[in-house]
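Here is start-v8.txt, consisting of compact mmCIF, C-alpha atoms:
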# COMPACT_ATOMS: atom_id res chain seq x y z
CA MET A 1 78.67 72.19 -37.09
CA LYS A 2 77.59 71.92 -40.65
CA HIS A 3 74.44 73.79 -41.40
CA ILE A 4 71.60 71.64 -42.72
CA SER A 5 68.45 73.22 -43.98
CA PRO A 6 65.15 71.83 -42.72
CA ILE A 7 64.24 70.86 -46.25
CA GLN A 8 67.30 68.64 -46.49
CA VAL A 9 66.45 66.98 -43.21
CA ALA A 10 62.99 66.26 -44.46
CA ALA A 11 64.35 64.73 -47.62
CA ASP A 12 67.07 62.69 -45.97
CA THR A 13 65.28 61.31 -42.94
CA PRO A 14 62.49 58.91 -43.88
CA ALA A 15 61.26 58.54 -40.30
CA ARG A 16 60.71 62.23 -39.81
CA ALA A 17 57.99 63.42 -37.49
CA PRO A 18 54.65 63.48 -39.29
CA THR A 19 53.31 66.83 -40.34
CA ARG A 20 50.25 68.20 -38.66
CA ARG A 21 48.24 67.42 -41.74
CA ALA A 22 49.37 63.82 -41.77
CA LEU A 23 48.50 63.50 -38.10
CA ALA A 24 45.04 64.89 -38.67
CA LYS A 25 44.55 62.49 -41.53
CA GLN A 26 45.65 59.59 -39.37
CA GLN A 27 43.20 60.65 -36.67
CA THR A 28 40.38 60.80 -39.18
CA ARG A 29 41.24 57.28 -40.33
CA LEU A 30 41.17 55.96 -36.78
CA LYS A 31 37.86 57.66 -36.06
CA VAL A 32 36.29 56.16 -39.18
CA LEU A 33 37.66 52.71 -38.36
CA ALA A 34 36.30 52.84 -34.81
CA ALA A 35 32.86 53.93 -36.00
CA ALA A 36 32.85 51.31 -38.76
CA ARG A 37 33.85 48.57 -36.34
CA ARG A 38 30.95 49.48 -34.08
CA LEU A 39 28.39 49.64 -36.89
CA PHE A 40 29.52 46.41 -38.56
CA SER A 41 29.19 44.72 -35.16
CA GLU A 42 25.73 46.16 -34.55
CA GLN A 43 24.21 45.91 -38.01
CA GLY A 44 26.30 43.44 -39.95
CA TYR A 45 28.15 44.11 -43.17
CA GLU A 46 25.06 44.57 -45.31
CA GLY A 47 23.25 46.70 -42.76
CA ALA A 48 26.01 49.24 -42.16
CA THR A 49 26.19 51.96 -44.80
CA ILE A 50 29.03 54.38 -45.47
CA ARG A 51 26.61 57.19 -44.69
CA ASP A 52 25.85 55.76 -41.24
CA ILE A 53 29.52 55.17 -40.59
CA ALA A 54 30.37 58.75 -41.56
CA ALA A 55 27.61 60.10 -39.32
CA ALA A 56 28.76 57.96 -36.41
CA ALA A 57 32.31 59.24 -36.88
CA GLY A 58 31.00 62.80 -37.04
CA MET A 59 32.17 63.53 -40.57
CA SER A 60 31.00 63.74 -44.14
CA THR A 61 30.82 60.74 -46.45
CA GLY A 62 33.37 62.59 -48.59
CA ALA A 63 35.85 62.52 -45.72
CA VAL A 64 35.34 58.76 -45.40
CA PHE A 65 35.90 58.23 -49.10
CA ALA A 66 39.07 60.33 -48.94
CA ASN A 67 40.51 57.59 -46.71
CA PHE A 68 38.89 54.40 -47.96
CA THR A 69 37.85 53.43 -51.46
CA ASP A 70 34.62 51.73 -50.38
CA LYS A 71 32.87 49.75 -47.67
CA SER A 72 34.71 46.53 -48.49
CA ASP A 73 38.04 48.36 -48.20
CA LEU A 74 37.02 49.59 -44.77
CA PHE A 75 35.92 46.14 -43.68
CA ARG A 76 39.13 44.53 -44.97
CA GLU A 77 41.22 47.03 -43.02
CA ILE A 78 39.41 46.20 -39.78
CA MET A 79 39.69 42.47 -40.39
CA THR A 80 43.38 42.76 -41.25
CA ASP A 81 44.12 44.63 -38.01
CA ASP A 82 42.34 41.96 -35.99
CA MET A 83 43.80 39.04 -37.86
CA GLU A 84 47.33 40.32 -37.43
CA ALA A 85 46.82 40.74 -33.70
CA LEU A 86 45.26 37.29 -33.46
CA LEU A 87 48.03 35.74 -35.51
CA GLY A 88 50.55 36.92 -32.92
CA ALA A 89 48.44 35.48 -30.11
CA MET A 90 48.12 32.17 -31.96
CA ARG A 91 51.86 31.86 -32.54
CA ASP A 92 52.47 32.46 -28.83
CA ALA A 93 49.86 29.83 -27.99
CA ALA A 94 51.46 27.35 -30.38
CA ALA A 95 54.83 27.83 -28.68
CA ARG A 96 53.29 27.02 -25.30
CA GLY A 97 51.85 23.66 -26.36
CA ARG A 98 53.18 20.65 -24.45
CA ASN A 99 52.58 18.40 -27.44
CA ILE A 100 50.87 18.66 -30.83
CA GLU A 101 47.37 18.07 -29.50
CA ASP A 102 47.78 20.56 -26.68
CA GLY A 103 49.38 23.11 -28.99
CA VAL A 104 46.58 22.92 -31.55
CA LEU A 105 43.98 23.21 -28.80
CA LYS A 106 45.73 26.29 -27.40
CA VAL A 107 45.74 27.87 -30.86
CA PHE A 108 41.98 27.22 -31.22
CA MET A 109 41.38 28.73 -27.79
CA ALA A 110 43.51 31.79 -28.56
CA GLY A 111 41.10 32.45 -31.45
CA TYR A 112 37.91 31.84 -29.49
CA THR A 113 39.18 34.02 -26.64
CA PHE A 114 40.19 36.81 -29.01
CA TYR A 115 36.78 36.86 -30.68
CA LYS A 116 34.75 36.37 -27.50
CA SER A 117 34.28 40.13 -27.22
CA ARG A 118 33.74 40.63 -30.95
CA LEU A 119 31.56 37.73 -32.04
CA GLN A 120 29.26 39.97 -34.04
CA LEU A 121 32.18 41.18 -36.12
CA ALA A 122 33.15 37.56 -36.71
CA ARG A 123 29.58 36.94 -37.81
CA ALA A 124 29.81 39.78 -40.33
CA ALA A 125 33.11 38.37 -41.61
CA PHE A 126 31.66 34.88 -42.13
CA SER A 127 28.76 36.37 -43.99
CA VAL A 128 31.09 38.30 -46.32
CA SER A 129 33.39 35.32 -46.79
CA TRP A 130 30.59 33.30 -48.44
CA ASP A 131 29.67 36.13 -50.76
CA LYS A 132 30.73 35.86 -54.37
CA ASP A 133 32.11 39.40 -54.46
CA GLY A 134 33.39 39.86 -50.92
CA GLY A 135 34.53 36.28 -50.38
CA PRO A 136 37.63 36.15 -52.58
CA SER A 137 39.17 39.36 -51.25
CA LEU A 138 38.60 38.46 -47.60
CA ARG A 139 39.81 34.88 -47.95
CA GLY A 140 42.80 35.95 -49.99
CA LEU A 141 44.21 38.35 -47.38
CA SER A 142 47.74 37.37 -46.47
CA SER A 143 46.92 37.37 -42.76
CA SER A 144 43.98 35.07 -43.45
CA LEU A 145 46.22 32.65 -45.34
CA ALA A 146 48.81 32.84 -42.57
CA PHE A 147 46.43 31.15 -40.09
CA GLN A 148 46.73 27.95 -42.01
CA ASP A 149 50.52 28.28 -41.93
CA VAL A 150 50.37 28.23 -38.12
CA PHE A 151 48.84 24.74 -38.26
CA THR A 152 51.21 23.63 -41.02
CA GLU A 153 54.23 24.70 -38.96
CA MET A 154 52.96 22.93 -35.85
CA LEU A 155 52.34 19.67 -37.71
CA THR A 156 55.73 19.87 -39.41
CA ALA A 157 57.45 20.45 -36.07
CA ALA A 158 55.58 17.49 -34.57
CA ILE A 159 56.83 15.26 -37.39
CA GLU A 160 60.38 16.46 -36.76
CA ARG A 161 60.00 15.66 -33.06
CA GLY A 162 58.83 12.18 -34.03
CA GLU A 163 55.40 12.77 -32.50
CA LEU A 164 53.57 12.37 -35.80
CA SER A 165 54.43 10.03 -38.65
CA GLN A 166 56.23 11.16 -41.80
CA GLU A 167 53.10 10.42 -43.85
CA ALA A 168 50.95 12.85 -41.87
CA GLU A 169 49.47 14.61 -44.92
CA VAL A 170 50.37 17.98 -43.46
CA LYS A 171 48.64 20.19 -46.00
CA LEU A 172 45.26 18.47 -45.87
CA ARG A 173 45.40 18.11 -42.11
CA ALA A 174 46.33 21.77 -41.57
CA GLN A 175 43.45 22.82 -43.81
CA MET A 176 41.00 20.63 -41.94
CA LEU A 177 42.17 21.85 -38.55
CA PHE A 178 41.68 25.43 -39.70
CA ASP A 179 38.22 24.67 -41.14
CA THR A 180 37.23 22.91 -37.93
CA TYR A 181 38.43 25.86 -35.88
CA LEU A 182 36.21 28.13 -37.97
CA SER A 183 33.24 25.76 -37.97
CA ASN A 184 32.79 26.09 -34.20
CA PHE A 185 32.11 29.81 -34.38
CA PRO A 186 28.35 29.42 -34.99
CA GLN A 187 28.07 27.65 -31.62
CA ALA A 188 29.75 30.63 -29.97
CA ILE A 189 27.85 33.24 -31.98
CA PHE A 190 24.34 31.81 -31.96
CA GLU A 191 24.18 29.38 -29.09
CA GLY A 192 26.29 31.31 -26.61
CA TRP A 193 28.71 28.47 -25.92
CA SER A 194 31.26 29.26 -23.22
CA LEU A 195 35.00 28.98 -23.79
CA ASP A 196 34.95 25.80 -21.69
CA ALA A 197 32.27 24.22 -23.84
CA LEU A 198 34.21 25.16 -26.99
CA GLN A 199 37.37 23.71 -25.52
CA THR A 200 35.76 20.37 -24.71
CA ARG A 201 34.37 20.07 -28.21
CA ALA A 202 37.59 21.23 -29.87
CA ARG A 203 39.69 18.74 -27.91
CA ASP A 204 37.64 15.81 -29.24
CA GLN A 205 37.68 17.16 -32.78
CA ILE A 206 41.45 17.64 -32.73
CA ARG A 207 41.94 14.13 -31.40
CA ILE A 208 39.92 12.68 -34.27
CA LEU A 209 41.76 14.76 -36.87
CA LEU A 210 45.19 13.84 -35.52
CA ALA A 211 44.48 10.14 -34.90
CA GLY A 212 45.60 8.92 -38.29
CA ALA A 213 48.90 10.81 -38.12
CA ARG A 214 50.05 9.29 -34.86
CA ARG A 215 53.08 7.07 -34.97
CA GLY A 216 52.68 3.39 -34.31
CA MET S 1 14.04 5.98 -43.04
CA ILE S 2 13.58 9.71 -42.78
CA ALA S 3 10.12 11.13 -43.15
CA GLY S 4 9.94 14.25 -45.26
CA VAL S 5 8.67 16.89 -42.86
CA GLY S 6 8.49 19.67 -45.43
CA SER S 7 5.68 22.16 -45.55
CA LEU S 8 2.90 20.16 -47.15
CA PRO S 9 0.46 22.24 -49.15
CA LYS S 10 -2.91 21.97 -47.52
CA GLY S 11 -4.77 21.41 -50.75
CA PRO S 12 -6.61 24.05 -52.73
CA SER S 13 -9.78 25.39 -51.22
CA SER S 14 -11.00 28.95 -51.73
CA PRO S 15 -9.97 30.95 -54.81
CA ARG S 16 -8.26 33.37 -52.51
CA GLN S 17 -6.11 30.62 -51.14
CA SER S 18 -5.19 29.26 -54.54
CA GLN S 19 -4.22 32.76 -55.59
CA LYS S 20 -2.08 33.02 -52.51
CA GLU S 21 -0.46 29.74 -53.40
CA ALA S 22 0.24 30.95 -56.94
CA THR S 23 1.91 34.07 -55.57
CA ARG S 24 3.96 31.94 -53.26
CA GLN S 25 5.20 29.73 -56.08
CA ARG S 26 6.06 32.74 -58.22
CA VAL S 27 8.05 34.27 -55.37
CA LEU S 28 9.93 31.03 -54.72
CA GLU S 29 10.83 30.62 -58.36
CA ALA S 30 12.02 34.21 -58.70
CA ALA S 31 14.01 33.90 -55.48
CA ARG S 32 15.69 30.69 -56.58
CA GLU S 33 16.92 32.32 -59.77
CA LEU S 34 18.12 35.46 -58.01
CA PHE S 35 19.96 33.68 -55.19
CA ASP S 36 21.59 31.41 -57.73
CA THR S 37 22.80 34.38 -59.77
CA HIS S 38 23.56 37.08 -57.20
CA GLY S 39 24.16 35.18 -53.99
CA TYR S 40 22.58 35.85 -50.62
CA GLN S 41 23.88 39.35 -49.99
CA GLY S 42 23.31 40.41 -53.56
CA THR S 43 19.59 39.53 -53.51
CA THR S 44 16.95 41.77 -51.98
CA VAL S 45 13.30 41.10 -51.24
CA ARG S 46 12.46 44.06 -53.47
CA GLU S 47 14.16 42.43 -56.45
CA ILE S 48 12.45 39.14 -55.71
CA ALA S 49 9.08 40.91 -55.69
CA ARG S 50 9.86 42.72 -58.95
CA ARG S 51 10.90 39.54 -60.71
CA ALA S 52 7.87 37.64 -59.42
CA GLU S 53 5.69 40.59 -60.48
CA VAL S 54 4.08 40.93 -57.09
CA SER S 55 4.22 43.71 -54.51
CA VAL S 56 6.81 43.75 -51.76
CA GLY S 57 3.93 43.80 -49.29
CA SER S 58 2.46 40.57 -50.61
CA VAL S 59 5.86 38.87 -50.32
CA PHE S 60 5.90 39.80 -46.66
CA THR S 61 2.38 38.52 -46.04
CA THR S 62 3.64 35.07 -47.05
CA PHE S 63 7.25 35.11 -45.82
CA ALA S 64 8.77 36.70 -42.74
CA SER S 65 12.16 37.47 -44.29
CA LYS S 66 14.65 36.90 -47.08
CA GLY S 67 16.09 34.02 -45.06
CA ASP S 68 12.64 32.42 -44.84
CA ILE S 69 12.22 32.57 -48.60
CA LEU S 70 15.58 30.90 -49.16
CA SER S 71 14.78 28.23 -46.56
CA GLU S 72 11.60 27.38 -48.47
CA VAL S 73 13.48 27.26 -51.77
CA MET S 74 16.04 24.89 -50.29
CA ALA S 75 13.46 22.72 -48.54
CA ALA S 76 11.69 22.15 -51.86
CA ARG S 77 14.98 20.97 -53.36
CA LEU S 78 15.64 18.51 -50.55
CA ASP S 79 12.81 16.15 -51.45
CA PRO S 80 14.25 14.98 -54.77
CA LEU S 81 17.81 14.89 -53.35
CA TYR S 82 16.90 12.74 -50.38
CA ALA S 83 14.63 10.53 -52.41
CA GLU S 84 17.79 9.71 -54.40
CA ILE S 85 19.88 9.27 -51.24
CA ASP S 86 17.25 7.01 -49.66
CA ARG S 87 17.10 4.96 -52.84
CA VAL S 88 20.88 4.54 -53.17
CA MET S 89 22.11 4.14 -49.59
CA PRO S 90 20.66 0.68 -48.83
CA HIS S 91 22.43 -0.77 -51.86
CA LEU S 92 25.88 0.56 -51.04
CA ARG S 93 28.54 -1.94 -50.09
CA GLY S 94 32.04 -1.34 -48.81
CA SER S 95 33.49 0.50 -45.85
CA THR S 96 31.74 3.25 -43.93
CA ALA S 97 34.20 5.75 -45.44
CA ASP S 98 33.30 4.62 -48.95
CA ARG S 99 29.59 4.82 -48.26
CA LEU S 100 30.05 8.33 -46.91
CA ARG S 101 32.06 9.24 -50.02
CA THR S 102 29.26 8.09 -52.30
CA MET S 103 26.64 9.88 -50.23
CA PHE S 104 28.54 13.18 -50.32
CA ALA S 105 29.37 12.79 -54.01
CA ILE S 106 25.63 12.65 -54.73
CA HIS S 107 25.26 15.88 -52.76
CA PHE S 108 28.03 17.69 -54.62
CA GLU S 109 26.69 16.61 -57.99
CA PHE S 110 23.22 17.73 -57.05
CA GLU S 111 24.26 21.13 -55.66
CA ALA S 112 26.92 21.92 -58.27
CA ALA S 113 24.24 22.61 -60.88
CA HIS S 114 23.14 25.58 -58.75
CA VAL S 115 26.23 26.08 -56.65
CA ARG S 116 25.61 29.76 -55.93
CA LEU S 117 22.24 28.83 -54.49
CA PHE S 118 23.80 26.40 -52.06
CA MET S 119 26.43 28.94 -51.04
CA SER S 120 23.64 31.44 -50.37
CA HIS S 121 22.17 28.77 -48.12
CA ILE S 122 25.46 28.64 -46.16
CA ALA S 123 25.84 32.43 -46.06
CA ALA S 124 22.28 32.81 -44.75
CA ALA S 125 23.36 31.19 -41.50
CA TYR S 126 25.16 34.43 -40.60
CA ASP S 127 22.42 36.82 -41.70
CA TRP S 128 21.50 39.56 -39.28
CA THR S 129 17.83 39.65 -40.13
CA LEU S 130 17.29 35.91 -39.94
CA THR S 131 13.96 35.01 -38.40
CA GLU S 132 13.03 32.05 -36.22
CA GLY S 133 11.47 30.09 -39.03
CA ALA S 134 14.48 30.21 -41.34
CA ARG S 135 16.56 27.06 -41.65
CA PRO S 136 19.96 27.81 -43.20
CA TYR S 137 22.62 25.16 -43.70
CA GLY S 138 23.43 23.46 -40.41
CA ARG S 139 19.89 23.66 -39.07
CA ASN S 140 18.65 21.14 -41.58
CA THR S 141 18.53 17.74 -39.96
CA ARG S 142 18.17 15.50 -43.01
CA LEU S 143 21.84 15.42 -43.93
CA LYS S 144 22.82 14.96 -40.28
CA ASP S 145 20.39 12.05 -39.99
CA VAL S 146 21.81 10.29 -43.04
CA ILE S 147 25.39 10.68 -41.77
CA LEU S 148 24.44 9.47 -38.30
CA ASP S 149 22.63 6.50 -39.76
CA THR S 150 25.66 5.57 -41.89
CA LEU S 151 28.00 5.82 -38.90
CA SER S 152 25.69 3.74 -36.68
CA LYS S 153 25.62 1.04 -39.32
CA GLY S 154 29.41 1.27 -39.37
CA GLN S 155 29.50 0.68 -35.63
CA ALA S 156 27.30 -2.37 -36.11
CA ALA S 157 29.57 -3.60 -38.91
CA GLY S 158 32.66 -2.98 -36.79
CA ASP S 159 34.58 -0.36 -38.77
CA VAL S 160 33.55 2.55 -36.54
CA ARG S 161 34.84 2.62 -32.98
CA GLN S 162 32.27 1.91 -30.28
CA ASP S 163 33.60 4.52 -27.87
CA ILE S 164 33.43 7.50 -30.20
CA GLU S 165 30.91 10.30 -29.86
CA LEU S 166 29.06 9.91 -33.18
CA GLN S 167 27.59 13.39 -33.02
CA GLU S 168 31.09 14.85 -33.10
CA VAL S 169 31.98 12.88 -36.21
CA VAL S 170 28.71 14.05 -37.78
CA ASP S 171 29.64 17.68 -37.07
CA LEU S 172 33.15 17.24 -38.45
CA LEU S 173 31.74 15.80 -41.67
CA MET S 174 29.07 18.51 -41.87
CA SER S 175 31.68 21.24 -41.61
CA ALA S 176 34.10 19.52 -43.99
CA TYR S 177 31.26 19.30 -46.50
CA ALA S 178 30.24 22.95 -46.17
CA TRP S 179 33.77 24.32 -46.18
CA THR S 180 34.64 22.37 -49.31
CA TYR S 181 32.33 24.76 -51.18
CA ARG S 182 34.86 27.46 -50.34
CA LEU S 183 36.87 26.01 -53.23
CA VAL S 184 34.26 27.43 -55.60
CA ILE S 185 35.21 30.91 -54.35
CA THR S 186 38.95 30.43 -54.14
CA ASN S 187 39.62 28.04 -57.05
CA GLY S 188 36.46 28.02 -59.15
CA ALA S 189 36.16 24.31 -58.32
CA ASP S 190 33.53 22.12 -60.01
CA ALA S 191 31.73 19.09 -58.55
CA LYS S 192 34.51 16.71 -59.57
CA ALA S 193 37.20 18.78 -57.86
CA MET S 194 35.12 19.15 -54.70
CA ILE S 195 34.37 15.43 -54.58
CA ALA S 196 38.09 14.63 -54.84
CA VAL S 197 38.89 16.92 -51.90
CA MET S 198 35.97 15.60 -49.84
CA ASP S 199 37.07 12.01 -50.48
CA ARG S 200 40.44 12.76 -48.92
CA GLN S 201 38.88 14.57 -45.99
CA ILE S 202 36.58 11.63 -45.31
CA GLY S 203 39.63 9.35 -45.39
CA LEU S 204 41.33 11.47 -42.77
CA ILE S 205 38.26 11.59 -40.52
CA ALA S 206 37.81 7.84 -40.99
CA GLU S 207 41.30 7.28 -39.56
CA GLY S 208 39.98 9.05 -36.49
CA PHE S 209 36.88 6.89 -36.11
CA ALA S 210 38.47 3.56 -37.05
CA PRO S 211 38.70 1.01 -34.21
CA ARG S 212 42.11 1.15 -32.53
CA SER S 213 44.28 -1.72 -33.70
Just give me the structure of the file as structure tokens.
Amino acid sequence: MKHISPIQVAADTPARAPTRRALAKQQTRLKVLAAARRLFSEQGYEGATIRDIAAAAGMSTGAVFANFTDKSDLFREIMTDDMEALLGAMRDAAARGRNIEDGVLKVFMAGYTFYKSRLQLARAAFSVSWDKDGGPSLRGLSSSLAFQDVFTEMLTAAIERGELSQEAEVKLRAQMLFDTYLSNFPQAIFEGWSLDALQTRARDQIRILLAGARRG
Amino acid sequence: MIAGVGSLPKGPSSPRQSQKEATRQRVLEAARELFDTHGYQGTTVREIARRAEVSVGSVFTTFASKGDILSEVMAARLDPLYAEIDRVMPHLRGSTADRLRTMFAIHFEFEAAHVRLFMSHIAAAYDWTLTEGARPYGRNTRLKDVILDTLSKGQAAGDVRQDIELQEVVDLLMSAYAWTYRLVITNGADAKAMIAVMDRQIGLIAEGFAPRS
């Protein structure tokens, strides 16, 4: 057998086992993210400070800054993790729809179900999204933009199936479905609406928004 | 049509009260400028107090929170806006969709002059420290009332379906209107651009409330 030095292995194999230092760093990151998630949920984006987050994670602010550039970076990372998980759930939901209306409703419900246990984090995200500094970076995240693609793809598929007319104004309709999905969150956050109540409301909204695109 | 149920000043009486009123006006003016420049998150009660040249304590004797101050600022702006809406609406002809388009266009033109202020108003709805008395966007009934009134007239005129839940259409229009302001953040949109997008959205919603042929 040809002798290979450990250094060569390290250089040649990209998926090598992480060093102990890298593992420790990864653990620190996860600890900070967990603490930040809790504090953003309890105190909102404005209320949670890096100092509090560091204290909750049991480390110095310097250790936090070694992993994240600032609070908005930390918040974006949390939101990206969630949005990517939700995106997967939404695509599964879309595939289970019996028709366009049912599919869109299932996508809405996948979102409301996902956020049911993290409504306060959603609240923090909405608050940031309307801010002039935080808004652009949160809204511009690729996973955030991908939500709208889910609706676009569903509408396009429904046109191909002949369920919706060719002139269904896919882009505008997808945008409005997404906006409507988001606009129901205050009911869940502030008025404690149940998933059933959200579903009833969403079904009517979706019907109205799809009405003009129906064939015949 | 819609009575203005704003906070009516009770008329000057003692010097102490008129001084309190003067403080109040100074705070509201300072707050309006700050929210319009720095947004909701970027404005603190401390900065409002500094700009109004009053103490933080005296701000809090008059207002319960930052959200309360903004609610007052916005309420004061509603009177001239809805005076205009009330003046124009009875003279509008055309379809329900067109009347809604005109009504929203007046809103966009009015708010675009201080667009950051209106977006603060939307952002305030998600504020953690919001107190009972605050009325961010969505809790203000005047716009909802005007939309509902327009749709009811449409039902009477026959271009809005009888069997539709009007409140749901109102909510769809309310959210379409608010979310259109997102274009200011993402595209730097002006009033004209927002009106064009809103016109199309109203068209799409109108297809949903049109009587079935």
Based on only C-alpha atoms, which of the residues in chain S come within 8 Å of chain A? I want them as a PyMOL selection string.
chain S and resi 38-41+119-120+122-128+168-169+172+175-176+179+182+185-186+201+204-205+207-209
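Residue neighbourhood of Leu155 (chain A), excluding near-sequence residues (fewer than 2 positions): Ile100, Val150, Phe151, Thr152, Glu153, Ala157, Ala158, Ile159, Glu160, Leu164, Ala168, Val170, Arg173 and Ala174 of chain A, at 9 Å, using all atoms listed in the file.
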Output, as JSON, the centre and edge lengths in Å (one decimal) of the axis-aligned box that contains all listed atoms of region 95-114 of chain A with 5 Å of margin on each side.
{"center_x": 46.4, "center_y": 27.4, "center_z": -28.0, "size_x": 26.9, "size_y": 28.7, "size_z": 17.1}
With all atoms listed in the file as the atoms that count, which of S:Ser18, S:Gly203, S:Leu166, S:His107 lies nearest to Ser152 (chain S)?
S:Leu166
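Among S:His121, S:Arg26, S:Lys20, S:His114, the residue with the shortest atom-to-atom distance to Lys66 (chain S), counting only C-alpha atoms, is S:His121.
One distance worth recording is that between CA of Gly67 (chain S) and CA of Glu29 (chain S), which is 14.7 Å.
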Can you pull out every residue within 9 Å of Ala112 (chain S), counting all atoms listed in the file, but drop anything in the same chain fewer than 5 positions away, and send it as a list in words?
His107, Phe118, Asp190 and Ala191 of chain S
Shell of 10 Å around Met103 (chain S), only C-alpha atoms, local chain residues under 3 positions omitted, as an mmCIF file with C-alpha atoms, in the frame of the given file:
data_model
loop_
_atom_site.group_PDB
_atom_site.id
_atom_site.type_symbol
_atom_site.label_atom_id
_atom_site.label_comp_id
_atom_site.auth_asym_id
_atom_site.auth_seq_id
_atom_site.Cartn_x
_atom_site.Cartn_y
_atom_site.Cartn_z
ATOM 1 C CA GLU S 84 17.790 9.710 -54.400
ATOM 2 C CA ILE S 85 19.880 9.270 -51.240
ATOM 3 C CA ASP S 86 17.250 7.010 -49.660
ATOM 4 C CA VAL S 88 20.880 4.540 -53.170
ATOM 5 C CA MET S 89 22.110 4.140 -49.590
ATOM 6 C CA LEU S 92 25.880 0.560 -51.040
ATOM 7 C CA ALA S 97 34.200 5.750 -45.440
ATOM 8 C CA ASP S 98 33.300 4.620 -48.950
ATOM 9 C CA ARG S 99 29.590 4.820 -48.260
ATOM 10 C CA LEU S 100 30.050 8.330 -46.910
ATOM 11 C CA ILE S 106 25.630 12.650 -54.730
ATOM 12 C CA HIS S 107 25.260 15.880 -52.760
ATOM 13 C CA PHE S 108 28.030 17.690 -54.620
ATOM 14 C CA LEU S 143 21.840 15.420 -43.930
ATOM 15 C CA VAL S 146 21.810 10.290 -43.040
ATOM 16 C CA ILE S 147 25.390 10.680 -41.770
ATOM 17 C CA THR S 150 25.660 5.570 -41.890
#
Quick one, how far is CA of Asp199 (chain S) from CA of Leu183 (chain S)?
14.3 Å
Give me the residues within 9 Å of Glu84 (chain A) as a compact mmCIF listing (two decimals) with C-alpha atoms, keeping the file's coordinate frame, counting only C-alpha atoms and dropping any in the same chain fewer than 4 places off.
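This went into result-v2.txt:
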# COMPACT_ATOMS: atom_id res chain seq x y z
CA MET A 79 39.69 42.47 -40.39
CA THR A 80 43.38 42.76 -41.25
CA GLY A 88 50.55 36.92 -32.92
CA ALA A 89 48.44 35.48 -30.11
CA SER A 143 46.92 37.37 -42.76
CA SER A 144 43.98 35.07 -43.45
Quick one: everything within 6 Å of Ala31 (chain S), counting only C-alpha atoms, minus sequence neighbours fewer than 4 positions away in the same chain. Send it as a PyMOL selection string.
chain S and resi 27+35+48
Record the distance separating CA of Thr69 (chain A) and CA of Gln27 (chain A), expressed in Å with one decimal.
17.3 Å
